[in-house]
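Listing of target_23.txt, compact mmCIF, C-alpha atoms
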```txt
# COMPACT_ATOMS: atom_id res chain seq x y z
CA MET A 103 103.02 91.49 99.24
CA LYS A 104 102.71 95.18 100.11
CA LYS A 105 100.54 96.36 97.31
CA ILE A 106 97.50 94.79 95.71
CA ILE A 107 97.51 94.45 91.95
CA LYS A 108 94.72 96.68 90.78
CA ILE A 109 92.40 94.83 88.43
CA ALA A 110 89.76 97.46 87.73
CA ILE A 111 91.76 99.15 84.99
CA PHE A 112 89.17 98.13 82.40
CA ALA A 113 86.88 100.82 83.81
CA SER A 114 88.69 103.42 81.68
CA ILE A 115 88.52 101.46 78.44
CA THR A 116 86.08 102.53 75.76
CA LEU A 117 83.19 100.10 75.50
CA PHE A 118 81.23 99.81 72.26
CA PHE A 119 77.56 98.98 72.01
CA SER A 120 75.84 98.17 68.72
CA PHE A 121 72.13 97.86 68.09
CA SER A 122 70.22 97.49 64.87
CA ASN A 123 66.54 97.91 64.10
CA GLY A 124 64.41 98.59 61.09
CA HIS A 125 65.32 102.27 61.19
CA GLY A 126 69.10 101.82 61.01
CA GLY A 127 71.97 101.03 63.32
CA PHE A 128 72.96 102.46 66.70
CA SER A 129 76.67 101.98 67.37
CA LEU A 130 78.29 103.96 70.15
CA GLY A 131 81.41 103.77 72.29
CA ILE A 132 81.63 105.19 75.80
CA SER A 133 84.56 106.00 78.09
CA PRO A 134 84.72 105.60 81.03
CA VAL A 135 82.28 102.72 81.43
CA ARG A 136 81.41 103.79 84.98
CA TRP A 137 82.02 106.70 87.38
CA GLU A 138 82.81 106.07 91.04
CA ALA A 139 82.55 109.55 92.54
CA ALA A 140 83.08 110.63 96.14
CA GLY A 141 82.65 113.90 98.01
CA LYS A 142 81.30 115.71 101.05
CA PRO A 143 77.85 117.31 101.33
CA GLY A 144 77.74 120.60 99.45
CA LYS A 145 80.53 119.63 97.05
CA THR A 146 80.15 119.63 93.26
CA LEU A 147 81.80 116.77 91.36
CA ARG A 148 82.55 116.93 87.64
CA LYS A 149 83.31 114.38 84.93
CA VAL A 150 83.73 114.25 81.17
CA VAL A 151 82.29 111.30 79.22
CA VAL A 152 83.60 110.62 75.72
CA LEU A 153 81.25 109.11 73.14
CA THR A 154 82.74 107.59 69.99
CA GLY A 155 80.69 106.88 66.88
CA GLY A 156 80.94 103.47 65.26
CA ALA A 157 81.17 102.78 61.57
CA GLY A 158 78.18 103.61 59.44
CA ALA A 159 75.56 106.31 59.79
CA ILE A 160 75.44 109.37 62.02
CA GLN A 161 74.36 108.47 65.55
CA LYS A 162 71.63 110.69 66.96
CA VAL A 163 71.89 110.44 70.74
CA LYS A 164 69.59 111.58 73.54
CA VAL A 165 70.87 111.69 77.12
CA GLY A 166 68.63 110.75 80.06
CA VAL A 167 68.74 109.84 83.74
CA GLY A 168 67.36 106.96 85.81
CA ASP A 169 67.85 104.93 88.97
CA TRP A 170 69.57 101.57 89.29
CA THR A 171 70.50 98.85 91.74
CA LEU A 172 72.00 95.35 91.55
CA SER A 173 70.32 91.97 91.80
CA GLU A 174 71.77 89.23 94.03
CA ASP A 175 73.83 87.92 91.11
CA GLY A 176 75.15 91.38 90.26
CA ALA A 177 72.94 92.24 87.26
CA PRO A 178 71.89 95.90 86.99
CA ILE A 179 68.19 96.62 87.52
CA PHE A 180 66.92 99.98 86.29
CA GLY A 181 64.03 102.16 87.41
CA LYS A 182 62.55 105.58 86.82
CA SER A 183 64.41 108.61 88.13
CA GLY A 184 63.89 109.16 91.86
CA THR A 185 62.02 105.89 92.56
CA MET A 186 64.74 103.86 94.29
CA PRO A 187 66.34 104.29 97.72
CA GLU A 188 69.68 106.14 97.64
CA SER A 189 68.79 107.78 94.32
CA ALA A 190 71.12 110.56 93.20
CA ALA A 191 69.12 111.31 90.05
CA SER A 192 68.13 114.81 91.20
CA TRP A 193 71.77 115.73 91.85
CA ILE A 194 73.10 115.33 88.31
CA ARG A 195 73.31 117.83 85.45
CA TYR A 196 74.63 117.11 81.95
CA HIS A 197 75.34 118.94 78.69
CA PRO A 198 74.40 118.52 75.92
CA ALA A 199 71.08 116.70 76.28
CA GLU A 200 71.06 115.68 72.61
CA LEU A 201 73.87 115.39 70.10
CA ASN A 202 74.92 113.92 66.75
CA VAL A 203 77.98 111.69 66.62
CA TYR A 204 79.51 111.07 63.20
CA PRO A 205 81.28 107.79 62.34
CA ARG A 206 84.59 107.55 64.23
CA GLN A 207 83.98 110.99 65.73
CA ARG A 208 84.48 111.65 69.45
CA LYS A 209 82.02 113.86 71.31
CA ILE A 210 82.12 115.04 74.92
CA VAL A 211 79.26 115.07 77.41
CA ARG A 212 79.99 117.10 80.55
CA LEU A 213 78.54 115.90 83.85
CA SER A 214 78.26 117.57 87.24
CA ILE A 215 76.86 116.23 90.50
CA ARG A 216 76.12 118.54 93.40
CA ILE A 217 75.74 116.67 96.67
CA PRO A 218 73.04 118.45 98.69
CA ASP A 219 73.94 120.00 102.02
CA ALA A 220 73.33 117.78 105.05
CA THR A 221 73.21 114.57 102.97
CA PRO A 222 73.88 111.63 105.31
CA SER A 223 77.01 109.58 104.67
CA GLY A 224 76.28 106.66 102.38
CA CYS A 225 76.28 105.20 98.89
CA TYR A 226 74.00 106.88 96.32
CA ARG A 227 73.48 105.93 92.69
CA VAL A 228 72.28 107.27 89.34
CA ALA A 229 72.44 105.98 85.75
CA LEU A 230 73.02 108.12 82.68
CA PHE A 231 71.42 106.74 79.52
CA PHE A 232 72.50 107.27 75.91
CA GLU A 233 69.89 106.25 73.36
CA PRO A 234 68.32 107.15 70.01
CA PRO A 235 65.79 109.99 70.36
CA GLN A 236 62.86 107.66 69.57
CA SER A 237 63.91 104.37 71.17
CA ASP A 238 61.40 101.61 71.86
CA GLU A 239 60.10 102.10 75.42
CA GLU A 240 58.15 98.82 75.43
CA GLY A 241 61.25 96.87 74.46
CA ARG A 242 63.03 98.05 77.61
CA LYS A 243 60.46 96.93 80.16
CA GLY A 244 61.85 94.35 82.54
CA ALA A 245 65.37 94.51 81.11
CA THR A 246 68.15 93.92 83.64
CA SER A 247 71.22 94.49 81.48
CA VAL A 248 73.49 97.52 81.21
CA PHE A 249 72.84 97.22 77.48
CA LEU A 250 69.12 97.74 77.06
CA ARG A 251 67.26 97.66 73.78
CA GLY A 252 68.73 100.59 71.90
CA ARG A 253 70.16 102.15 75.05
CA LEU A 254 73.55 102.31 76.76
CA ALA A 255 73.86 103.05 80.49
CA LEU A 256 76.71 104.66 82.42
CA LEU A 257 76.45 103.52 86.05
CA ILE A 258 77.41 106.18 88.60
CA TYR A 259 78.20 105.57 92.27
CA VAL A 260 78.35 108.57 94.62
CA THR A 261 80.01 107.94 97.99
CA VAL A 262 79.14 110.73 100.41
CA GLY A 263 81.06 111.78 103.51
CA ASP A 264 82.92 109.15 105.51
CA ALA A 265 80.96 106.18 104.16
CA ARG A 266 83.05 103.03 103.97
CA PRO A 267 82.53 99.47 102.75
CA GLU A 268 83.00 96.64 105.21
CA GLY A 269 83.30 93.24 103.60
CA GLU A 270 83.08 89.87 105.33
CA ILE A 271 83.73 86.44 103.79
CA LEU A 272 80.84 84.26 104.92
CA ASP A 273 81.53 81.05 103.02
CA THR A 274 83.62 79.38 100.30
CA ALA A 275 82.63 76.71 97.79
CA TRP A 276 82.97 75.39 94.28
CA ARG A 277 79.92 77.01 92.77
CA VAL A 278 78.18 77.38 89.41
CA ILE A 279 78.19 81.14 88.86
CA ILE A 280 77.03 81.13 85.24
CA LYS A 281 74.26 78.66 84.42
CA GLY A 282 75.42 75.91 82.11
CA ARG A 283 79.10 76.31 82.95
CA LYS A 284 81.40 74.35 85.24
CA PRO A 285 81.66 75.20 88.95
CA VAL A 286 84.45 77.56 89.98
CA PRO A 287 85.90 78.34 93.42
CA ALA A 288 84.03 81.30 94.88
CA LEU A 289 83.78 83.49 97.96
CA LYS A 290 80.44 84.41 99.52
CA VAL A 291 80.96 88.02 100.59
CA HIS A 292 78.65 90.30 102.57
CA ASN A 293 79.02 94.08 102.65
CA ARG A 294 77.84 95.40 106.01
CA GLY A 295 79.25 98.88 105.40
CA ASN A 296 77.47 101.95 104.06
CA ALA A 297 79.45 102.33 100.79
CA HIS A 298 79.77 99.94 97.88
CA LEU A 299 82.56 97.39 98.04
CA ARG A 300 84.73 96.59 95.03
CA MET A 301 87.12 93.84 96.00
CA ASN A 302 90.61 94.02 94.54
CA GLY A 303 92.92 91.13 95.15
CA ILE A 304 95.06 88.19 94.18
CA PHE A 305 95.27 84.68 95.58
CA ALA A 306 97.48 81.63 95.74
CA ALA A 307 95.94 78.15 95.84
CA ARG A 308 97.37 74.80 96.86
CA THR A 309 95.86 71.33 96.45
CA LEU A 310 96.21 68.49 98.95
CA SER A 311 98.98 67.03 96.75
CA GLY A 312 100.91 70.29 97.04
CA LYS A 313 100.40 71.61 93.51
CA LYS A 314 100.23 75.40 93.38
CA PHE A 315 98.07 77.78 91.37
CA GLU A 316 97.44 81.52 91.37
CA GLY A 317 94.91 84.03 90.13
CA ILE A 318 92.89 87.19 90.74
CA ILE A 319 89.79 88.16 92.67
CA PRO A 320 87.72 90.16 90.16
CA ALA A 321 86.73 93.69 91.16
CA LEU A 322 82.98 93.09 91.21
CA PRO A 323 80.74 95.53 93.13
CA ILE A 324 78.75 94.63 96.23
CA LEU A 325 76.25 97.28 97.37
CA PRO A 326 75.68 98.07 101.07
CA GLY A 327 73.72 95.32 102.77
CA GLN A 328 74.10 92.90 99.86
CA THR A 329 75.68 89.45 99.75
CA ARG A 330 77.24 88.09 96.57
CA TRP A 331 79.23 85.09 95.40
CA ILE A 332 82.53 86.30 93.91
CA PRO A 333 84.22 83.80 91.54
CA LEU A 334 87.98 83.37 91.60
CA GLU A 335 89.80 83.52 88.28
CA PHE A 336 92.90 81.38 87.78
CA GLN A 337 95.74 82.77 85.71
CA GLY A 338 97.11 80.03 83.51
CA GLU A 339 96.53 76.44 84.60
CA ALA A 340 93.58 75.73 86.93
CA PRO A 341 93.14 72.81 89.34
CA PRO A 342 90.65 70.03 88.55
CA PRO A 343 87.06 71.03 89.40
CA ASN A 344 85.97 70.24 92.96
CA SER A 345 89.52 69.94 94.27
CA ASP A 346 90.21 70.58 97.95
CA LEU A 347 92.05 73.90 98.04
CA ASP A 348 93.96 75.90 100.61
CA LEU A 349 93.82 79.58 99.61
CA THR A 350 95.88 82.55 100.65
CA LEU A 351 94.10 85.76 99.71
CA HIS A 352 95.65 89.21 99.49
CA VAL A 353 92.44 91.21 99.37
CA ASP A 354 90.90 94.57 100.18
CA LEU A 355 87.59 94.12 102.00
CA GLY A 356 87.15 97.85 102.51
CA ASP A 357 89.83 98.70 105.05
CA GLY A 358 92.98 98.14 103.04
CA GLU A 359 94.92 95.07 102.01
CA ARG A 360 94.88 92.08 104.29
CA LYS A 361 96.12 88.51 104.12
CA VAL A 362 93.39 85.92 104.64
CA GLY A 363 93.61 82.13 104.67
CA VAL A 364 90.54 80.10 103.68
CA LYS A 365 89.77 76.57 102.54
CA ILE A 366 87.49 75.45 99.74
CA PRO A 367 86.10 71.95 100.19
CA GLY A 368 86.23 69.53 97.28
CA LYS A 369 82.56 69.56 96.37
CA SER A 370 80.32 71.86 94.33
CA GLU A 371 77.16 73.68 95.31
CA SER A 372 74.52 74.98 92.90
```
Target format structure tokens, applied to this file:
Amino acid sequence: MKKIIKIAIFASITLFFSFSNGHGGFSLGISPVRWEAAGKPGKTLRKVVVLTGGAGAIQKVKVGVGDWTLSEDGAPIFGKSGTMPESAASWIRYHPAELNVYPRQRKIVRLSIRIPDATPSGCYRVALFFEPPQSDEEGRKGATSVFLRGRLALLIYVTVGDARPEGEILDTAWRVIIKGRKPVPALKVHNRGNAHLRMNGIFAARTLSGKKFEGIIPALPILPGQTRWIPLEFQGEAPPPNSDLDLTLHVDLGDGERKVGVKIPGKSES
């Protein structure tokens, strides 16, 4: 297999967010749903974000900036602008800062990021927020979702210089990824590089009886220095839970496609 099937196409799809409070609804679509930018120190990067109004009333939208990172299970955690390591909040400019979006109307927000001179190679991050002009600040405290109370976030990664991810598979197991659901086969992956890793890949699985299955490795992000369990997703029929599996992975761990053989023992771990 000479080329990995790219499974991050959904990043360009418009995502809608709806929120309702006592003052009316807030329904907004955004495309793309994230921006993975890259450039050298001193370079200016540009992007256009398209907002689409939902059905109903006019959407009054204010644009803002903040910091973000990921928890161990991959949930976004937000903070004030400039308060987190590797913050790129001071690098970004956007226009307009406020706008009205009519139902079904598409509006453009123009973004630019200037990477400061002499910035060390690495992975930097900033979030762009779209919210009603008078959203509830108290309702957002402690939230760890991309969709906060009355606010939509565009997550931006900025890879500077020759920064590269370097993934390593540390372990394999049947594991409960989502509480309350059945265990799934998963890879425990560590990123020891200095850029975020987004694994793209496919796999073939075989049970001890010789039955074959196949599926994809979802393109989930792993930030530098982080370790994360990545669930495998079967396409079509799946083997019985907790089966012994021999896996052949065609995966990009940061240095291009490689073929990797691993085993998943027939037991689950919480």
Given the choices A:Gly141, A:Gly317, A:Pro198, A:Gly181, which gets closest to Cys225 (chain A) if the distance is worked out from all atoms listed in the file?
A:Gly141
Test item: residues at most 12 Å from Lys142 (chain A), only C-alpha atoms, excluding those fewer than 6 positions along its chain, as a list in words:
Ile215, Arg216, Ile217, Pro218, Asp219, Ala220, Thr221, Pro222, Ser223, Gly224, Cys225, Val260, Thr261, Val262, Gly263, Asp264 and Ala265 of chain A
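When all atoms listed in the file are used to compute distances to Pro143 (chain A), the closest of the residues A:Val278, A:Pro234, A:Met301, A:Trp193 turns out to be A:Trp193.
The smallest atom-to-atom distance between Gly168 (chain A) and any of A:Ala229, A:Leu272, A:Leu256, A:Leu213, using all atoms listed in the file, is found for A:Ala229.
Atom pair CA of Ala297 (chain A) / CA of Ile210 (chain A) has a distance of 28.9 Å (rounded to one decimal).
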Measure the distance from CA of Gly303 (chain A) to CA of Val291 (chain A) in Å and round it to one decimal.
13.5 Å
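Within 7 Å of Tyr204 (chain A), once all atoms listed in the file are used and residues closer than 4 positions along the same chain are dropped, the contacting residues are Gly155, Ile160 and Gln161 of chain A.
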For the selection you just gave me, I'd like the residues written to a file as a PDB file, keeping the file's coordinate frame, keeping C-alpha atoms.
```
ATOM      1  CA  GLY A 155      80.690 106.880  66.880  1.00  0.00           C
ATOM      2  CA  ILE A 160      75.440 109.370  62.020  1.00  0.00           C
ATOM      3  CA  GLN A 161      74.360 108.470  65.550  1.00  0.00           C
TER       4      GLN A 161
END
```
